[in-house]
file my_file_11.txt (compact mmCIF, C-alpha atoms)
# COMPACT_ATOMS: atom_id res chain seq x y z
CA MET J 1 0.00 0.00 0.00
CA THR J 2 1.42 3.36 -0.98
CA ASN J 3 0.21 6.88 -0.41
CA ASP J 4 2.05 8.33 -3.37
CA ILE J 5 0.00 10.28 -5.84
CA ILE J 6 1.41 9.86 -9.27
CA MET J 7 0.50 12.30 -11.99
CA THR J 8 1.65 11.74 -15.50
CA SER J 9 1.38 14.04 -18.45
CA ASN J 10 2.51 13.91 -21.98
CA ALA J 11 4.34 17.19 -22.46
CA LYS J 12 4.12 16.89 -26.20
CA ASP J 13 0.33 16.61 -26.11
CA VAL J 14 0.10 19.55 -23.73
CA SER J 15 2.22 21.79 -25.93
CA THR J 16 0.27 20.73 -29.03
CA TYR J 17 -2.95 21.58 -27.19
CA PHE J 18 -1.74 25.07 -26.32
CA ARG J 19 -0.41 25.66 -29.85
CA LYS J 20 -3.84 24.85 -31.28
CA LEU J 21 -5.72 26.80 -28.63
CA GLY J 22 -4.68 30.27 -29.87
CA PRO J 23 -6.08 29.96 -33.42
CA LYS J 24 -9.13 28.10 -32.11
CA LEU J 25 -9.89 30.93 -29.67
CA LYS J 26 -9.53 33.47 -32.48
CA LYS J 27 -12.00 31.50 -34.61
CA ALA J 28 -14.36 31.16 -31.63
CA TRP J 29 -14.17 34.93 -31.08
CA TYR J 30 -14.96 35.52 -34.76
CA ARG J 31 -17.95 33.13 -34.65
CA GLY J 32 -19.26 34.84 -31.48
CA LEU J 33 -18.86 38.23 -33.14
CA ARG J 34 -20.61 37.01 -36.28
CA ASN J 35 -23.53 35.56 -34.30
CA SER J 36 -23.88 38.78 -32.28
CA VAL J 37 -23.93 41.11 -35.27
CA ARG J 38 -26.35 38.85 -37.15
CA ASP J 39 -28.62 38.84 -34.09
CA GLY J 40 -28.29 42.63 -33.93
CA LYS J 41 -29.31 42.97 -37.57
CA SER J 42 -32.28 40.72 -37.01
CA ILE J 43 -33.38 42.73 -33.93
CA ALA J 44 -32.95 46.05 -35.76
CA LEU J 45 -35.01 44.71 -38.67
CA GLN J 46 -37.78 43.67 -36.28
CA LEU J 47 -37.87 47.08 -34.57
CA ALA J 48 -37.31 49.39 -37.56
CA PRO J 49 -40.35 51.20 -38.95
CA GLN J 50 -41.92 49.38 -41.84
CA LYS J 51 -44.21 51.97 -43.40
CA SER J 52 -41.91 52.91 -46.29
CA GLY J 53 -39.36 50.17 -45.69
CA THR J 54 -36.51 52.63 -46.25
CA LEU J 55 -34.96 52.14 -42.82
CA LYS J 56 -35.32 48.37 -42.92
CA ALA J 57 -33.66 48.22 -46.35
CA GLY J 58 -30.73 50.33 -45.14
CA ILE J 59 -29.66 48.03 -42.30
CA PHE J 60 -26.50 46.01 -42.86
CA TYR J 61 -23.40 44.91 -40.99
CA ARG J 62 -19.68 44.98 -41.47
CA LEU J 63 -17.81 42.04 -39.98
CA PHE J 64 -14.03 42.14 -39.62
CA LYS J 65 -11.80 39.55 -37.94
CA ASN J 66 -11.92 41.29 -34.57
CA LYS J 67 -14.71 43.84 -34.74
CA ALA J 68 -18.20 44.19 -36.14
CA MET J 69 -20.47 47.13 -36.93
CA LEU J 70 -24.20 47.30 -37.34
CA VAL J 71 -25.06 50.10 -39.77
CA SER J 72 -28.28 51.95 -40.60
CA SER J 73 -28.03 53.96 -43.81
CA VAL J 74 -30.69 56.13 -45.46
CA PRO J 75 -30.82 58.64 -48.32
CA GLY J 76 -30.16 62.31 -47.45
CA ASP J 77 -33.78 63.50 -47.61
CA PHE J 78 -35.12 60.85 -45.25
CA PRO J 79 -36.58 62.18 -41.93
CA TYR J 80 -34.07 60.13 -40.02
CA ASN J 81 -34.15 62.31 -36.93
CA LYS J 82 -37.69 61.27 -36.17
CA TRP J 83 -36.70 57.65 -35.73
CA ILE J 84 -33.22 57.96 -34.34
CA ASN J 85 -33.55 60.73 -31.75
CA MET J 86 -37.12 60.31 -30.54
CA ASP J 87 -37.04 59.66 -26.85
CA GLU J 88 -40.33 57.93 -26.15
CA PRO J 89 -40.98 55.74 -23.14
CA TYR J 90 -40.74 52.02 -23.61
CA ILE J 91 -42.34 49.10 -21.91
CA GLY J 92 -40.64 45.73 -21.54
CA LEU J 93 -42.94 42.74 -21.85
CA ASN J 94 -41.74 39.49 -20.29
CA PHE J 95 -42.15 36.18 -22.08
CA PRO J 96 -41.29 33.52 -19.47
CA LYS J 97 -42.09 30.71 -21.90
CA GLY J 98 -40.62 32.44 -24.94
CA ALA J 99 -42.53 33.60 -27.98
CA TRP J 100 -43.38 31.98 -31.28
CA ILE J 101 -44.87 33.24 -34.52
CA PRO J 102 -47.37 31.13 -36.48
CA PRO J 103 -46.70 29.65 -39.92
CA SER J 104 -48.83 32.32 -41.60
CA LYS J 105 -46.42 35.07 -40.47
CA SER J 106 -43.15 33.17 -40.58
CA TYR J 107 -40.66 33.36 -43.44
CA THR J 108 -40.12 29.62 -43.30
CA GLY J 109 -43.84 28.71 -43.37
CA ARG J 110 -43.42 26.88 -40.05
CA TRP J 111 -43.75 27.85 -36.39
CA ALA J 112 -40.66 29.93 -35.56
CA ARG J 113 -39.28 30.93 -32.17
CA ILE J 114 -38.64 34.69 -31.96
CA LEU J 115 -37.83 34.92 -28.24
CA PRO J 116 -36.16 32.34 -25.99
CA PRO J 117 -37.79 31.45 -22.64
CA GLY J 118 -37.36 34.41 -20.29
CA GLY J 119 -36.98 36.84 -23.23
CA ILE J 120 -38.06 40.47 -23.06
CA ALA J 121 -39.62 42.45 -25.91
CA LEU J 122 -39.54 46.24 -25.89
CA TYR J 123 -42.47 48.24 -27.16
CA GLY J 124 -42.73 52.01 -27.50
CA ILE J 125 -45.71 53.55 -25.73
CA ALA J 126 -47.03 57.00 -26.51
CA PRO J 127 -50.46 58.40 -27.29
CA ASN J 128 -51.21 59.81 -30.74
CA TRP J 129 -48.28 58.12 -32.39
CA ASN J 130 -48.71 56.10 -35.51
CA TRP J 131 -46.47 53.16 -34.62
CA THR J 132 -44.90 51.32 -37.49
CA GLY J 133 -41.70 50.72 -35.58
CA VAL J 134 -39.77 51.62 -32.47
CA PRO J 135 -37.89 54.95 -32.21
CA LYS J 136 -34.21 54.58 -31.32
CA PHE J 137 -34.36 51.11 -32.83
CA MET J 138 -30.59 51.05 -33.41
CA ASP J 139 -29.86 52.01 -29.79
CA ILE J 140 -32.17 49.27 -28.60
CA ALA J 141 -30.66 46.73 -31.00
CA GLY J 142 -27.20 47.68 -29.69
CA ALA J 143 -28.31 47.33 -26.06
CA ILE J 144 -29.84 43.90 -26.71
CA MET J 145 -26.68 42.82 -28.57
CA GLU J 146 -24.65 43.68 -25.48
CA ILE J 147 -26.96 41.62 -23.29
CA GLN J 148 -26.65 38.68 -25.70
CA ILE J 149 -22.86 38.79 -25.96
CA GLN J 150 -22.41 36.25 -23.17
CA ARG J 151 -24.95 33.92 -24.78
CA ASN J 152 -23.17 34.17 -28.14
CA PHE J 153 -19.56 34.01 -27.01
CA THR J 154 -19.59 31.56 -24.09
CA PRO J 155 -20.52 28.41 -26.05
CA GLU J 156 -17.98 29.20 -28.78
CA ILE J 157 -15.13 29.86 -26.33
CA THR J 158 -16.07 26.81 -24.24
CA LYS J 159 -16.12 24.62 -27.34
CA ALA J 160 -12.69 25.94 -28.42
CA ILE J 161 -11.17 25.18 -24.99
CA GLN J 162 -12.75 21.75 -24.73
CA THR J 163 -11.69 20.65 -28.19
CA GLY J 164 -8.33 22.48 -28.10
CA MET V 1 5.81 64.75 -48.56
CA ALA V 2 6.93 65.39 -44.99
CA VAL V 3 7.21 62.72 -42.35
CA ILE V 4 3.95 62.47 -40.37
CA THR V 5 4.26 63.71 -36.80
CA ALA V 6 2.33 62.63 -33.72
CA ALA V 7 1.01 66.19 -33.29
CA ALA V 8 -0.82 66.09 -36.66
CA ILE V 9 -1.14 62.36 -37.13
CA ARG V 10 -4.82 62.25 -38.18
CA GLN V 11 -4.45 65.02 -40.75
CA GLY V 12 -1.15 63.63 -42.01
CA VAL V 13 -2.44 60.09 -42.45
CA PHE V 14 -5.63 61.26 -44.15
CA ALA V 15 -3.73 63.53 -46.57
CA ARG V 16 -1.23 60.78 -47.40
CA LEU V 17 -3.85 58.10 -48.03
CA ARG V 18 -6.08 60.51 -49.97
CA THR V 19 -3.18 61.32 -52.33
CA LEU V 20 -2.36 57.63 -52.73
CA ILE V 21 -5.95 56.53 -53.42
CA LEU V 22 -6.59 59.38 -55.89
CA ALA V 23 -3.47 58.32 -57.79
CA HIS V 24 -4.59 54.67 -57.87
CA LEU V 25 -8.39 54.74 -58.17
CA PRO V 26 -9.56 51.15 -58.73
CA THR V 27 -11.32 50.21 -61.96
CA TYR V 28 -13.33 47.22 -63.12
CA THR V 29 -15.06 46.10 -66.29
CA TYR V 30 -18.83 45.97 -66.61
CA ASN V 31 -20.66 45.33 -69.91
CA SER V 32 -17.40 45.77 -71.84
CA GLY V 33 -16.93 49.26 -70.36
CA THR V 34 -14.44 50.38 -67.75
CA VAL V 35 -15.91 51.71 -64.53
CA THR V 36 -13.68 53.80 -62.26
CA TYR V 37 -14.24 54.39 -58.56
CA SER V 38 -14.39 57.95 -57.25
CA MET V 39 -13.15 58.90 -53.78
CA VAL V 40 -15.07 60.78 -51.09
CA ALA V 41 -14.67 61.38 -47.35
CA SER V 42 -18.17 60.27 -46.37
CA PHE V 43 -21.00 58.28 -47.89
CA PRO V 44 -22.76 60.52 -50.47
CA ARG V 45 -26.41 60.76 -49.36
CA ASP V 46 -27.68 63.28 -51.93
CA ASN V 47 -27.64 62.34 -55.63
CA PRO V 48 -24.91 59.76 -55.18
CA SER V 49 -23.18 58.04 -58.07
CA PHE V 50 -21.38 54.76 -57.67
CA PRO V 51 -18.87 53.13 -57.33
CA VAL V 52 -17.20 55.13 -54.56
CA VAL V 53 -14.39 54.59 -52.09
CA VAL V 54 -14.96 56.31 -48.75
CA LEU V 55 -11.76 57.21 -46.91
CA ASN V 56 -12.65 57.64 -43.25
CA THR V 57 -10.55 59.57 -40.77
CA ALA V 58 -7.84 57.69 -38.92
CA SER V 59 -8.49 56.23 -35.52
CA ILE V 60 -5.42 56.51 -33.27
CA LYS V 61 -4.46 54.32 -30.35
CA MET V 62 -1.65 55.76 -28.22
CA ILE V 63 0.22 53.19 -26.12
CA PRO V 64 2.82 54.29 -23.54
CA ILE V 65 5.90 52.09 -23.93
CA ASN V 66 7.72 53.01 -20.75
CA LEU V 67 6.56 53.40 -17.16
CA SER V 68 6.74 57.19 -17.12
CA GLY V 69 4.66 57.36 -20.31
CA ASP V 70 6.93 59.91 -22.00
CA THR V 71 7.53 57.57 -24.97
CA GLN V 72 4.56 56.25 -26.91
CA ASP V 73 3.63 54.02 -29.78
CA TYR V 74 0.93 55.36 -32.08
CA GLU V 75 -1.22 52.72 -33.74
CA VAL V 76 -3.18 54.04 -36.70
CA GLU V 77 -6.33 52.37 -38.01
CA VAL V 78 -8.13 53.64 -41.11
CA GLN V 79 -11.37 52.20 -42.44
CA ILE V 80 -11.88 52.35 -46.19
CA ASP V 81 -15.42 51.60 -47.40
CA PHE V 82 -16.28 50.46 -50.90
CA TYR V 83 -19.76 50.98 -52.39
CA ALA V 84 -20.84 49.70 -55.81
CA LYS V 85 -24.14 48.96 -57.52
CA GLU V 86 -25.44 45.50 -56.73
CA LEU V 87 -26.06 45.15 -60.46
CA HIS V 88 -22.29 45.21 -61.02
CA GLY V 89 -21.85 42.26 -58.69
CA LYS V 90 -19.58 41.57 -55.75
CA LEU V 91 -16.69 41.49 -58.21
CA ALA V 92 -16.81 45.31 -58.18
CA ILE V 93 -16.06 45.35 -54.44
CA ASP V 94 -13.48 42.57 -54.70
CA THR V 95 -11.66 44.39 -57.48
CA GLY V 96 -11.66 47.66 -55.54
CA GLN V 97 -10.18 45.96 -52.48
CA ASP V 98 -7.65 43.97 -54.51
CA GLU V 99 -6.38 46.98 -56.45
CA LEU V 100 -6.11 49.31 -53.47
CA CYS V 101 -4.44 46.64 -51.36
CA ALA V 102 -1.87 46.08 -54.14
CA SER V 103 -1.26 49.85 -54.37
CA PHE V 104 -0.76 50.12 -50.62
CA ILE V 105 1.64 47.17 -50.57
CA ALA V 106 3.56 48.61 -53.53
CA ASN V 107 4.01 51.84 -51.53
CA ARG V 108 5.19 50.19 -48.32
CA SER V 109 8.74 51.51 -48.59
CA ALA V 110 7.46 55.05 -49.29
CA PHE V 111 5.22 54.79 -46.22
CA ASP V 112 8.30 53.88 -44.21
CA THR V 113 10.91 56.31 -45.55
CA ALA V 114 8.81 59.32 -46.63
CA ASP V 115 5.95 59.23 -44.12
CA GLY V 116 7.34 57.41 -41.10
CA LEU V 117 4.61 54.78 -41.17
CA LEU V 118 5.33 51.09 -40.66
CA LEU V 119 2.82 48.46 -41.74
CA GLY V 120 0.73 47.21 -38.82
CA ASP V 121 -0.33 43.69 -37.95
CA PRO V 122 -2.65 42.76 -39.58
CA PHE V 123 -1.94 45.40 -42.20
CA TRP V 124 -5.06 44.84 -44.29
CA ASP V 125 -8.28 43.31 -42.97
CA ASP V 126 -11.37 42.92 -45.18
CA SER V 127 -14.95 42.77 -43.92
CA ASN V 128 -17.79 40.78 -45.41
CA ILE V 129 -19.74 42.20 -48.36
CA SER V 130 -23.26 43.36 -47.44
CA GLU V 131 -26.18 44.43 -49.57
CA PHE V 132 -28.49 47.32 -48.73
CA THR V 133 -30.83 49.80 -50.38
CA SER V 134 -30.20 53.53 -50.50
CA GLY V 135 -33.01 55.50 -52.14
CA ASN V 136 -33.85 53.59 -55.29
CA GLN V 137 -30.43 51.97 -55.62
CA VAL V 138 -29.46 48.54 -54.38
CA LEU V 139 -25.82 48.60 -53.35
CA ASN V 140 -23.08 46.22 -52.30
CA THR V 141 -20.64 47.43 -49.68
CA GLY V 142 -17.45 46.05 -48.18
CA SER V 143 -14.76 47.61 -46.01
CA SER V 144 -11.07 47.24 -45.45
CA MET V 145 -9.26 48.17 -42.27
CA VAL V 146 -5.68 49.35 -42.81
CA ARG V 147 -3.24 49.54 -39.91
CA PHE V 148 0.04 51.40 -39.47
CA ILE V 149 2.42 52.20 -36.64
CA LEU V 150 3.96 55.66 -36.52
CA LYS V 151 7.76 55.45 -36.22
call {"tool": "encode", "arguments": {"input": "my_file_11.txt", "output": "structure tokens"}}
result
Amino acid sequence: MTNDIIMTSNAKDVSTYFRKLGPKLKKAWYRGLRNSVRDGKSIALQLAPQKSGTLKAGIFYRLFKNKAMLVSSVPGDFPYNKWINMDEPYIGLNFPKGAWIPPSKSYTGRWARILPPGGIALYGIAPNWNWTGVPKFMDIAGAIMEIQIQRNFTPEITKAIQTG
Amino acid sequence: MAVITAAAIRQGVFARLRTLILAHLPTYTYNSGTVTYSMVASFPRDNPSFPVVVLNTASIKMIPINLSGDTQDYEVEVQIDFYAKELHGKLAIDTGQDELCASFIANRSAFDTADGLLLGDPFWDDSNISEFTSGNQVLNTGSSMVRFILK
């Protein structure tokens, strides 16, 4: 009977693991960034006013290796100020079980989940306002993107470390 | 052209890159005709004509390299945006990025000796190509991030 604790490691495997980890983390970062900015675009599209469609059509993103930008672009004569700088009150509606849209309204023609369980949807509230979208929709999209960063990055980083 | 100084780094970098891009405006072929990019400093919102290259102002990161902070490294990052009609295809954006990148690389020794700019790491970083609508025009856009270090 011995009380020795014997630990063995294969130094070669360990060094190979760490060599691979750097590029894998970079790729995981890029995938997290890509998922976040795609989510942001999708949120901005949901919130942007749809009467003329001009603002929706001008939303796009730029994705670099280590940074991403969500952009809203409109022609010079568009009354942009109305939608970007309006400071209306908002109400957050909780969806503890998540939210789904029916096949008749879904792009895919099937039931589609638009909010995960515990999700929150923001709605503008103001009297005498013809709502076709949510003012400050880009600010809100940015704020929601920040909240979702952990959800988008954690699985990618974890996967990279586990499979390093 | 004078060596770029830290005191006027944004103006110096903008002027240098503006001169370089104007001298090497990218071109591509569409319907057997040659289309040449024009260069502007911001996205043209009123009566725009495409293709255009937008040279944005430089973003500077100053990093102290000793404990007292009296010596610094200046990292320069410039975003160059390319806009072309969607009708002309993504090739228009690709060609713009390819040609400007080649011009920048060809001028690397001039950046070093004449301007005091070393190529950064990564020197050239392309974004994805996105499609969007501006007025009645459907456009493709892509960007390139160029990085330098001031000597």
call {"tool": "residues_around", "arguments": {"input": "my_file_11.txt", "residues": "J:Ala99", "least_positions_apart": "5", "cutoff": "12 Å", "atoms": "only C-alpha atoms", "output": "MDAnalysis selection string"}}
result
chainID J and resid 93:94 111:121
call {"tool": "write_last_selection", "arguments": {"input": "my_file_11.txt", "atoms": "C-alpha atoms", "output": "short mmCIF file (atom, residue, chain, number, x, y, z; two decimals), in the frame of the given file"}}
result
data_model
loop_
_atom_site.label_atom_id
_atom_site.label_comp_id
_atom_site.auth_asym_id
_atom_site.auth_seq_id
_atom_site.Cartn_x
_atom_site.Cartn_y
_atom_site.Cartn_z
CA LEU J 93 -42.94 42.74 -21.85
CA ASN J 94 -41.74 39.49 -20.29
CA TRP J 111 -43.75 27.85 -36.39
CA ALA J 112 -40.66 29.93 -35.56
CA ARG J 113 -39.28 30.93 -32.17
CA ILE J 114 -38.64 34.69 -31.96
CA LEU J 115 -37.83 34.92 -28.24
CA PRO J 116 -36.16 32.34 -25.99
CA PRO J 117 -37.79 31.45 -22.64
CA GLY J 118 -37.36 34.41 -20.29
CA GLY J 119 -36.98 36.84 -23.23
CA ILE J 120 -38.06 40.47 -23.06
CA ALA J 121 -39.62 42.45 -25.91
#
call {"tool": "interface_residues", "arguments": {"input": "my_file_11.txt", "of": "chain J", "to": "chain V", "cutoff": "12 Å", "atoms": "all atoms listed in the file", "output": "JSON, numbers by chain"}}
result
{"J": [30, 34, 37, 38, 41, 52, 53, 54, 55, 56, 57, 58, 59, 60, 61, 62, 63, 64, 65, 66, 67, 68, 69, 70, 71, 72, 73, 74, 75, 76, 77, 78]}
call {"tool": "atom_distance", "arguments": {"input": "my_file_11.txt", "atom1": "atom CA of J:Pro23", "atom2": "atom CA of V:Phe148"}}
result
23.1 Å
call {"tool": "closest_residue", "arguments": {"input": "my_file_11.txt", "among": "V:Ile93, V:Leu119, V:Val76, V:Ala106", "to": "V:Gly12", "atoms": "all atoms listed in the file"}}
result
V:Val76
call {"tool": "closest_residue", "arguments": {"input": "my_file_11.txt", "among": "J:Lys20, J:Lys26, J:Lys12, J:Arg31", "to": "J:Ile149", "atoms": "all atoms listed in the file"}}
result
J:Arg31
call {"tool": "closest_residue", "arguments": {"input": "my_file_11.txt", "among": "J:Glu146, J:Met138, J:Gln162, J:Phe153", "to": "J:Gln46", "atoms": "only C-alpha atoms"}}
result
J:Met138
call {"tool": "residues_around", "arguments": {"input": "my_file_11.txt", "residues": "stretch 30-36 of chain V", "least_positions_apart": "3", "cutoff": "8 Å", "atoms": "all atoms listed in the file", "output": "list in words"}}
result
Leu25, Pro26, Thr27, Pro51 and His88 of chain V
call {"tool": "axis_aligned_box", "arguments": {"input": "my_file_11.txt", "around": "stretch 67-77 of chain J", "padding_each_side": "4 Å", "output": "AutoDock Vina command-line options"}}
result
--center_x -24.2 --center_y 53.7 --center_z -41.5 --size_x 27.1 --size_y 27.7 --size_z 21.6
call {"tool": "closest_residue", "arguments": {"input": "my_file_11.txt", "among": "V:Asp94, V:Asp115, V:Glu99, V:Asp70", "to": "V:Lys151", "atoms": "all atoms listed in the file"}}
result
V:Asp115
call {"tool": "atom_distance", "arguments": {"input": "my_file_11.txt", "atom1": "atom CA of J:Leu47", "atom2": "atom CA of V:Lys85"}}
result
26.8 Å
call {"tool": "residues_near_point", "arguments": {"input": "my_file_11.txt", "point": "(-8.2, 27.0, -29.6)", "cutoff": "7 Å", "atoms": "all atoms listed in the file", "output": "list in words"}}
result
Lys20, Leu21, Gly22, Pro23, Lys24, Leu25, Ala160, Ile161 and Gly164 of chain J
call {"tool": "atom_distance", "arguments": {"input": "my_file_11.txt", "atom1": "atom CA of V:Tyr37", "atom2": "atom CA of V:Leu100"}}
result
10.9 Å
call {"tool": "closest_residue", "arguments": {"input": "my_file_11.txt", "among": "V:Val54, V:Ile149, V:Ile65, V:Leu91", "to": "V:Thr29", "atoms": "only C-alpha atoms"}}
result
V:Leu91
call {"tool": "closest_residue", "arguments": {"input": "my_file_11.txt", "among": "V:Val3, V:Leu150, V:Leu55, V:Ala84", "to": "V:Leu20", "atoms": "all atoms listed in the file"}}
result
V:Leu55
call {"tool": "residues_around", "arguments": {"input": "my_file_11.txt", "residues": "V:Leu117", "least_positions_apart": "4", "cutoff": "12 Å", "atoms": "all atoms listed in the file", "output": "CSV table (one decimal) with C-alpha atoms, in the coordinates of the input"}}
result
chain,number,residue,atom,x,y,z
V,2,ALA,CA,6.9,65.4,-45.0
V,3,VAL,CA,7.2,62.7,-42.4
V,4,ILE,CA,4.0,62.5,-40.4
V,5,THR,CA,4.3,63.7,-36.8
V,6,ALA,CA,2.3,62.6,-33.7
V,9,ILE,CA,-1.1,62.4,-37.1
V,12,GLY,CA,-1.2,63.6,-42.0
V,13,VAL,CA,-2.4,60.1,-42.4
V,16,ARG,CA,-1.2,60.8,-47.4
V,17,LEU,CA,-3.8,58.1,-48.0
V,73,ASP,CA,3.6,54.0,-29.8
V,74,TYR,CA,0.9,55.4,-32.1
V,75,GLU,CA,-1.2,52.7,-33.7
V,76,VAL,CA,-3.2,54.0,-36.7
V,77,GLU,CA,-6.3,52.4,-38.0
V,104,PHE,CA,-0.8,50.1,-50.6
V,107,ASN,CA,4.0,51.8,-51.5
V,108,ARG,CA,5.2,50.2,-48.3
V,109,SER,CA,8.7,51.5,-48.6
V,110,ALA,CA,7.5,55.0,-49.3
V,111,PHE,CA,5.2,54.8,-46.2
V,112,ASP,CA,8.3,53.9,-44.2
V,113,THR,CA,10.9,56.3,-45.6
V,123,PHE,CA,-1.9,45.4,-42.2
V,146,VAL,CA,-5.7,49.4,-42.8
V,147,ARG,CA,-3.2,49.5,-39.9
V,148,PHE,CA,0.0,51.4,-39.5
V,149,ILE,CA,2.4,52.2,-36.6
V,150,LEU,CA,4.0,55.7,-36.5
V,151,LYS,CA,7.8,55.4,-36.2
